[in-house]
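See below for upload09.cif, which holds mmCIF, C-alpha atoms and all ligand atoms.
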```cif
data_coords
loop_
_atom_site.label_atom_id
_atom_site.label_comp_id
_atom_site.auth_asym_id
_atom_site.auth_seq_id
_atom_site.Cartn_x
_atom_site.Cartn_y
_atom_site.Cartn_z
CA MET K 130 28.56 18.07 -16.52
CA THR K 131 26.82 21.36 -15.73
CA ASN K 132 28.52 23.89 -13.47
CA ASP K 133 25.97 23.72 -10.69
CA ARG K 134 26.86 20.07 -10.22
CA VAL K 135 30.62 20.36 -9.71
CA ASP K 136 30.33 21.09 -6.00
CA LEU K 137 28.09 18.14 -5.25
CA THR K 138 29.51 15.14 -3.44
CA ALA K 139 29.29 11.74 -5.13
CA SER K 140 26.44 10.72 -2.82
CA GLN K 141 24.48 13.94 -3.46
CA GLN K 142 24.88 13.31 -7.18
CA ARG K 143 23.62 9.76 -6.76
CA VAL K 144 20.51 11.00 -4.94
CA GLN K 145 19.95 13.68 -7.57
CA THR K 146 20.25 11.08 -10.34
CA GLN K 147 17.82 8.79 -8.50
CA GLN K 148 15.34 11.64 -8.18
CA GLU K 149 15.62 12.47 -11.87
CA ILE K 150 15.06 8.84 -12.81
CA GLU K 151 12.07 8.56 -10.44
CA GLN K 152 10.61 11.75 -11.91
CA ALA K 153 11.05 10.57 -15.48
CA ILE K 154 9.52 7.16 -14.76
CA THR K 155 6.60 8.89 -13.02
CA GLU K 156 6.01 11.26 -15.92
CA ILE K 157 6.16 8.49 -18.51
CA PHE K 158 4.49 5.58 -16.71
CA ALA K 159 2.57 6.92 -13.71
CA PRO K 160 1.28 10.45 -14.36
CA GLU K 161 -1.45 11.64 -11.98
CA ASP K 162 -4.75 12.78 -13.43
CA ASP K 163 -7.26 15.17 -11.84
CA GLY K 164 -8.83 12.40 -9.77
CA LEU K 165 -5.56 11.54 -8.05
CA ARG K 166 -4.45 15.17 -7.75
CA ASN K 167 -7.81 16.11 -6.25
CA ALA K 168 -7.52 13.32 -3.64
CA LEU K 169 -4.12 14.68 -2.60
CA ALA K 170 -5.30 18.30 -2.52
CA THR K 171 -8.34 17.40 -0.40
CA ALA K 172 -6.15 15.42 1.99
CA ARG K 173 -3.73 18.33 2.33
CA ALA K 174 -6.56 20.83 2.92
CA ALA K 175 -7.97 18.55 5.65
CA GLY K 176 -4.58 18.44 7.36
CA LEU K 177 -3.95 14.73 6.77
CA PRO K 178 -0.28 13.68 6.78
CA PRO K 179 1.23 13.11 3.29
CA ILE K 180 1.98 9.42 3.89
CA GLN K 181 0.30 7.95 0.81
CA ILE K 182 2.21 5.70 -1.58
CA SER K 183 4.12 7.24 -4.50
CA PRO K 184 2.72 7.35 -8.07
CA VAL K 185 5.16 4.58 -9.08
CA GLN K 186 3.89 2.44 -6.19
CA GLY K 187 0.32 3.18 -7.26
CA LYS K 188 1.02 2.11 -10.82
CA PHE K 189 2.79 -0.98 -9.52
CA LEU K 190 -0.30 -1.94 -7.48
CA GLN K 191 -2.42 -1.41 -10.57
CA LEU K 192 -0.12 -3.62 -12.62
CA LEU K 193 -0.24 -6.41 -10.02
CA ALA K 194 -4.04 -6.20 -9.86
CA ARG K 195 -4.27 -6.48 -13.64
CA ALA K 196 -1.77 -9.36 -13.70
CA ALA K 197 -4.01 -11.20 -11.23
CA ASN K 198 -7.09 -10.31 -13.30
CA ALA K 199 -8.44 -8.97 -10.01
CA ARG K 200 -12.19 -8.70 -9.50
CA LYS K 201 -12.13 -8.24 -5.72
CA ILE K 202 -9.54 -6.18 -3.88
CA LEU K 203 -9.20 -5.50 -0.16
CA GLU K 204 -7.33 -2.49 1.21
CA ILE K 205 -6.44 -2.14 4.89
CA GLY K 206 -5.72 1.54 5.71
CA SER K 207 -6.94 4.05 3.14
CA LEU K 208 -6.05 7.58 4.45
CA ALA K 209 -7.57 9.79 1.70
CA GLY K 210 -8.15 7.17 -0.98
CA TYR K 211 -5.02 7.78 -3.05
CA SER K 212 -3.84 4.15 -3.21
CA GLY K 213 -7.48 3.05 -3.44
CA ILE K 214 -7.98 5.05 -6.64
CA TRP K 215 -4.97 3.38 -8.28
CA LEU K 216 -6.28 -0.03 -7.23
CA ALA K 217 -9.94 0.56 -8.16
CA ARG K 218 -8.94 1.68 -11.64
CA ALA K 219 -7.47 -1.78 -12.26
CA LEU K 220 -10.93 -3.29 -11.70
CA PRO K 221 -13.61 -3.98 -14.29
CA HIS K 222 -16.90 -2.08 -13.74
CA GLU K 223 -18.45 -5.02 -11.90
CA GLY K 224 -15.34 -5.37 -9.70
CA ARG K 225 -15.13 -4.33 -6.06
CA LEU K 226 -12.60 -2.61 -3.83
CA ILE K 227 -13.34 -2.75 -0.12
CA SER K 228 -11.27 -0.25 1.88
CA LEU K 229 -11.02 -0.54 5.66
CA GLU K 230 -10.36 2.72 7.51
CA ILE K 231 -10.47 3.43 11.24
CA ASP K 232 -10.99 7.20 11.05
CA PRO K 233 -14.54 8.34 10.13
CA LYS K 234 -13.19 11.76 9.08
CA HIS K 235 -10.88 10.06 6.59
CA ALA K 236 -13.74 7.85 5.39
CA MET K 237 -15.79 10.86 4.24
CA ILE K 238 -12.83 12.21 2.31
CA ILE K 239 -12.13 8.79 0.79
CA ARG K 240 -15.72 8.37 -0.46
CA ASN K 241 -15.63 11.85 -2.02
CA SER K 242 -12.26 11.22 -3.64
CA PHE K 243 -13.39 7.85 -5.01
CA ALA K 244 -16.52 9.44 -6.53
CA ASN K 245 -14.51 12.33 -7.93
CA ALA K 246 -12.02 9.93 -9.52
CA GLY K 247 -14.84 8.03 -11.21
CA VAL K 248 -14.59 4.84 -9.15
CA GLY K 249 -17.49 5.41 -6.77
CA ASP K 250 -19.40 2.51 -8.37
CA ARG K 251 -16.65 -0.05 -7.65
CA THR K 252 -15.65 0.99 -4.14
CA GLU K 253 -16.86 0.66 -0.60
CA VAL K 254 -15.34 2.15 2.55
CA ARG K 255 -15.90 0.32 5.84
CA VAL K 256 -15.17 2.29 8.97
CA GLY K 257 -13.66 0.65 12.02
CA LYS K 258 -10.63 -1.07 13.45
CA ALA K 259 -9.34 -3.43 10.77
CA LEU K 260 -9.00 -6.34 13.19
CA ASP K 261 -12.70 -5.96 14.08
CA LEU K 262 -13.83 -5.66 10.44
CA LEU K 263 -11.72 -8.46 8.91
CA PRO K 264 -13.68 -11.38 10.46
CA HIS K 265 -16.83 -10.06 8.74
CA LEU K 266 -15.24 -10.36 5.29
CA THR K 267 -15.13 -14.15 5.18
CA SER K 268 -18.37 -14.42 3.20
CA GLU K 269 -17.00 -11.95 0.61
CA ALA K 270 -13.69 -13.79 0.14
CA PRO K 271 -11.61 -14.75 -1.69
CA PHE K 272 -9.93 -11.47 -2.58
CA ASP K 273 -7.61 -11.50 -5.59
CA LEU K 274 -5.36 -8.84 -4.09
CA VAL K 275 -4.95 -7.51 -0.55
CA PHE K 276 -3.08 -4.27 0.15
CA ILE K 277 -1.95 -3.76 3.75
CA ASP K 278 -1.08 -0.17 4.75
CA ALA K 279 -2.63 0.58 8.18
CA ASP K 280 -1.01 0.66 11.66
CA LYS K 281 2.22 -1.32 11.65
CA SER K 282 2.29 -3.37 14.87
CA PRO K 283 -0.58 -5.70 13.85
CA TYR K 284 0.94 -6.36 10.38
CA PRO K 285 1.53 -10.07 11.26
CA GLN K 286 -2.17 -10.42 12.14
CA TYR K 287 -3.13 -8.61 8.93
CA LEU K 288 -1.02 -11.15 7.04
CA ASP K 289 -2.87 -14.03 8.72
CA TRP K 290 -6.19 -12.46 7.69
CA ALA K 291 -5.00 -11.73 4.17
CA ILE K 292 -4.02 -15.39 3.71
CA ARG K 293 -7.32 -16.54 5.22
CA LEU K 294 -9.23 -14.31 2.80
CA SER K 295 -7.17 -15.43 -0.23
CA ARG K 296 -7.14 -18.18 -2.84
CA PRO K 297 -4.10 -19.80 -4.45
CA GLY K 298 -2.77 -17.11 -6.81
CA SER K 299 -3.92 -14.16 -4.70
CA ILE K 300 -1.40 -11.36 -4.23
CA ILE K 301 -0.70 -9.74 -0.87
CA VAL K 302 1.18 -6.42 -0.82
CA ALA K 303 2.26 -4.63 2.37
CA ASP K 304 3.62 -1.09 2.43
CA ASN K 305 6.47 0.22 4.61
CA CYS K 306 8.20 -3.14 4.86
CA ILE K 307 11.75 -1.79 4.52
CA ARG K 308 11.91 1.37 6.62
CA GLY K 309 15.49 2.22 5.72
CA GLY K 310 16.47 -1.36 6.57
CA LYS K 311 14.99 -1.33 10.10
CA ALA K 312 12.16 -3.64 9.01
CA LEU K 313 14.65 -6.15 7.58
CA ARG K 314 17.31 -6.52 10.26
CA GLY K 315 17.32 -5.79 13.98
CA SER K 316 16.59 -7.39 17.30
CA ALA K 317 12.87 -7.29 17.96
CA ASN K 318 13.27 -6.34 21.64
CA GLU K 319 15.10 -3.06 20.99
CA GLN K 320 12.66 -1.93 18.27
CA GLU K 321 9.59 0.19 18.57
CA GLU K 322 6.40 -1.82 18.48
CA SER K 323 5.67 -0.77 14.91
CA THR K 324 9.10 -1.84 13.65
CA ALA K 325 8.79 -5.13 15.51
CA GLY K 326 5.52 -5.76 13.65
CA LEU K 327 7.20 -5.10 10.31
CA LEU K 328 10.19 -7.33 11.15
CA GLU K 329 7.86 -10.15 12.09
CA TYR K 330 5.82 -9.56 8.92
CA ASN K 331 8.92 -9.98 6.76
CA ARG K 332 10.06 -13.01 8.76
CA ARG K 333 6.72 -14.72 8.16
CA ALA K 334 6.31 -13.60 4.54
CA SER K 335 9.79 -14.89 3.67
CA SER K 336 9.43 -18.25 5.45
CA ASP K 337 5.75 -19.27 5.19
CA PRO K 338 5.62 -22.25 2.80
CA ARG K 339 2.29 -21.00 1.41
CA LEU K 340 3.88 -17.76 0.19
CA THR K 341 6.38 -16.73 -2.46
CA SER K 342 7.56 -13.30 -1.33
CA LEU K 343 9.93 -10.46 -2.07
CA ALA K 344 10.62 -7.08 -0.46
CA LEU K 345 11.25 -4.32 -3.00
CA ALA K 346 12.47 -0.78 -2.24
CA VAL K 347 10.00 1.00 -4.50
CA ASP K 348 9.09 4.16 -2.60
CA ALA K 349 10.18 7.52 -4.03
CA GLY K 350 13.49 7.51 -2.13
CA HIS K 351 14.19 3.79 -2.51
CA THR K 352 14.54 3.38 1.25
CA ASP K 353 11.09 1.92 1.92
CA GLY K 354 8.67 -0.15 -0.10
CA PHE K 355 6.50 -3.19 -0.52
CA THR K 356 6.76 -6.76 0.57
CA ILE K 357 4.88 -8.67 -2.13
CA SER K 358 3.63 -12.22 -1.67
CA VAL K 359 1.81 -14.65 -3.90
CA VAL K 360 -0.28 -17.28 -2.12
CA SER K 361 0.72 -20.54 -3.74
CA SER K 362 -1.16 -23.24 -1.89
CA LEU K 363 -3.45 -23.02 1.11
CA ASP K 364 -2.87 -26.55 2.40
CA ALA K 365 0.93 -26.46 2.69
N1 LIG W 401 -2.98 3.45 1.77
C1 LIG W 401 -3.00 4.91 1.88
C2 LIG W 401 -2.20 5.38 3.09
C3 LIG W 401 -2.67 4.78 4.39
S1 LIG W 401 -2.02 5.62 5.82
C4 LIG W 401 -2.42 5.49 0.59
O1 LIG W 401 -1.32 5.08 0.22
O2 LIG W 401 -3.06 6.35 -0.03
C5 LIG W 401 -2.64 4.60 7.07
C6 LIG W 401 -4.15 4.67 7.30
O3 LIG W 401 -4.51 3.57 8.14
C7 LIG W 401 -4.64 5.93 8.01
O4 LIG W 401 -5.71 6.51 7.31
C8 LIG W 401 -5.12 5.43 9.37
O5 LIG W 401 -6.25 6.14 9.88
C9 LIG W 401 -5.50 3.99 9.05
N2 LIG W 401 -5.47 3.09 10.21
C10 LIG W 401 -4.62 3.14 11.27
N3 LIG W 401 -4.89 2.15 12.12
C11 LIG W 401 -5.94 1.46 11.61
C12 LIG W 401 -6.68 0.31 12.05
N4 LIG W 401 -6.38 -0.32 13.19
N5 LIG W 401 -7.70 -0.12 11.26
C13 LIG W 401 -7.98 0.51 10.09
N6 LIG W 401 -7.31 1.59 9.64
C14 LIG W 401 -6.30 2.06 10.38
C1 LIG W 402 3.44 6.27 8.07
C2 LIG W 402 2.51 5.33 7.63
C3 LIG W 402 2.58 4.86 6.34
O1 LIG W 402 1.72 3.93 5.87
C4 LIG W 402 3.54 5.35 5.46
O2 LIG W 402 3.55 4.88 4.20
C5 LIG W 402 4.45 6.29 5.88
C6 LIG W 402 4.41 6.75 7.21
C7 LIG W 402 3.37 6.75 9.48
O3 LIG W 402 2.50 6.29 10.20
O4 LIG W 402 4.18 7.61 9.82
MG MG W 403 2.26 3.23 3.95
#
```
Take the structure in the file and write it out as structure tokens.
Amino acid sequence: MTNDRVDLTASQQRVQTQQEIEQAITEIFAPEDDGLRNALATARAAGLPPIQISPVQGKFLQLLARAANARKILEIGSLAGYSGIWLARALPHEGRLISLEIDPKHAMIIRNSFANAGVGDRTEVRVGKALDLLPHLTSEAPFDLVFIDADKSPYPQYLDWAIRLSRPGSIIVADNCIRGGKALRGSANEQEESTAGLLEYNRRASSDPRLTSLALAVDAGHTDGFTISVVSSLDA
């Protein structure tokens, strides 16, 4: 043990070890290239909050998209295009990522970042409230993967739409489904609206007979993460 560690408490050491492991996994399995780094730098310069997924989460999305042999991906909530770049890079050249984003200022940044990362040909940003845009996607369904990461209170409605726009075998991933445990346990009436939406999302994802689901603490600090669902049968 090195000297600068002797004064650390056991819990500080655990966090430090977790950070070192996360860093090593990121360097080995999920390094960012210029396209991803540029998207983050542009977002920072534009004053957007740094609430994008982690590199490990990005690589995980990519892995799921490849496992599903995804040709069509839908993203709900795009911010500056960081998660979208990870997802679009899992697509073949003729594949398509449709990203829904409410903020027109973000949309400009997203389109630039997609082009800069070399995925401009496979991506499309649609600007508006997701619940208004989703009904127009029926003719473009089914999507092989849906990534939900917009405002939290309508998450249960986003899940309904994701299932509607899916086929058996489609994967649905939702970010921020742990929230330090608040999205897993708690009485809905004493929660903020956003937490209530996440609780209900997990309740439905875990009990809907059409879904096989699991919540995984995969964010950088292991206190938040994805709920992942596979659509198994649409007539259950
Ligand atoms: N997926 C991104 C982070 C998304 S942050 C990444 O990991 O890189 C959430 C985004 O959802 C923000 O850009 C916000 O403007 C957008 N958003 C919030 N409410 C929305 C709504 N009702 N419809 C569509 N987008 C919404
Ligand atoms: C927030 C939103 C997110 O999607 C996220 O991953 C982290 C934070 C937020 O609105 O604060
Ligand atoms: Mg998120």
- [ ] Could you report the residues within 10 Å of ligand MG 403 (chain W), using only C-alpha atoms and all ligand atoms, as number ranges by chain?
- [x] K: 179-183, 206-208, 212, 276-281, 303-306, 348, 353-355
Task: Close residues to ligand LIG 401 (chain W) using all atoms listed in the file, limit 10 Å, as a PyMOL selection string - done: chain K and resi 165+168-169+172+177-184+186-187+204-215+228-236+239+255-263+276-284+287+303-304
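The nearest approach to ligand LIG 402 (chain W) among the residues K:Leu137, K:Ile307, K:Leu328, K:Val275, with all atoms listed in the file taken into account, belongs to K:Ile307.
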- [ ] Have a look at CA of His222 (chain K) and CA of Ser342 (chain K) and let me know their distance in Å, one decimal.
- [x] 29.6 Å
- [ ] Find the spatial neighbours of Arg308 (chain K), counting only C-alpha atoms, within a cut-off of 12 Å - ignore same-chain residues fewer than 3 positions away - and output them as a list of chain:residue names.
- [x]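 Result of the neighbour search: K:Lys281, K:Asp304, K:Asn305, K:Lys311, K:Ala312, K:Leu313, K:Arg314, K:Gly315, K:Ser323, K:Thr324, K:Ala325, K:Gly326, K:Leu327, K:Leu328, K:Asn331, K:Ala344, K:Leu345, K:Ala346, K:Val347, K:Asp348, K:Gly350, K:His351, K:Thr352, K:Asp353, K:Gly354, K:Phe355, K:Thr356.
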Listed atoms of ligand LIG 402 (chain W) boxed along x, y and z, 6 Å each side, centre and edge lengths in Å, one decimal, as JSON:
```
{"center_x": 3.1, "center_y": 5.8, "center_z": 7.2, "size_x": 14.7, "size_y": 15.7, "size_z": 18.0}
```
- [ ] Counting all atoms listed in the file, figure out which residue out of K:Arg143, K:Arg333, K:Lys188, K:Lys201 gets nearest to Ile157 (chain K).
- [x]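 For Ile157 (chain K), the nearest of the candidates is K:Lys188.
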- [ ] Using all atoms listed in the file, collect all residues at a distance of at most 9 Å from (-11.2, 6.8, -12.0) as written in the file, then present them as a ChimeraX atom specification.
- [x] /K:162,164-165,214-215,217-218,243-249
- [ ] Kindly give the distance, in Å, that separates CA of Val254 (chain K) and CA of Leu266 (chain K), rounded to a single decimal.
- [x] 12.8 Å
Open item on the list: Would you compute the distance between CA of Pro285 (chain K) and CA of Ile202 (chain K)? Give it in Å to one decimal.
Closed with: 19.2 Å
Open item on the list: If we count only C-alpha atoms and set the cut-off at 8 Å, which residues sit around region 196-198 of chain K, ignoring sequence neighbours fewer than 4 positions away in its own chain? Please answer as number ranges by chain.
Closed with: K: 192, 273-274, 298-300
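Using all atoms listed in the file, the shortest contact distance between Phe158 (chain K) and any of K:Gln191, K:Gln141, K:Thr171, K:Ser316 is found at K:Gln191.
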Task: Nearby residues (only C-alpha atoms) at most 9 Å from Glu223 (chain K), same-chain spacing under 2 positions excluded, as a PyMOL selection string - done: chain K and resi 200+220-221+225+250-251
Open item on the list: Measuring between all atoms listed in the file, which one of K:Glu151, K:Trp290, K:Ser362, K:Ala349 shows the shortest distance to ligand LIG 402 (chain W)?
Closed with: K:Ala349
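When all atoms listed in the file are used to compute distances to ligand LIG 402 (chain W), the closest of the residues K:Ile301, K:Ser335, K:Phe189, K:Gly309 turns out to be K:Gly309.
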Here's a test: counting all atoms listed in the file, identify every protein, DNA and RNA residue with an atom at most 6 Å from (4.6, -18.7, -3.5) in the file's coordinate frame, and state them as a compact mmCIF listing (two decimals) with C-alpha atoms, in the frame of the given file.
```
# COMPACT_ATOMS: atom_id res chain seq x y z
CA ARG K 339 2.29 -21.00 1.41
CA LEU K 340 3.88 -17.76 0.19
CA THR K 341 6.38 -16.73 -2.46
CA VAL K 359 1.81 -14.65 -3.90
CA VAL K 360 -0.28 -17.28 -2.12
CA SER K 361 0.72 -20.54 -3.74
```
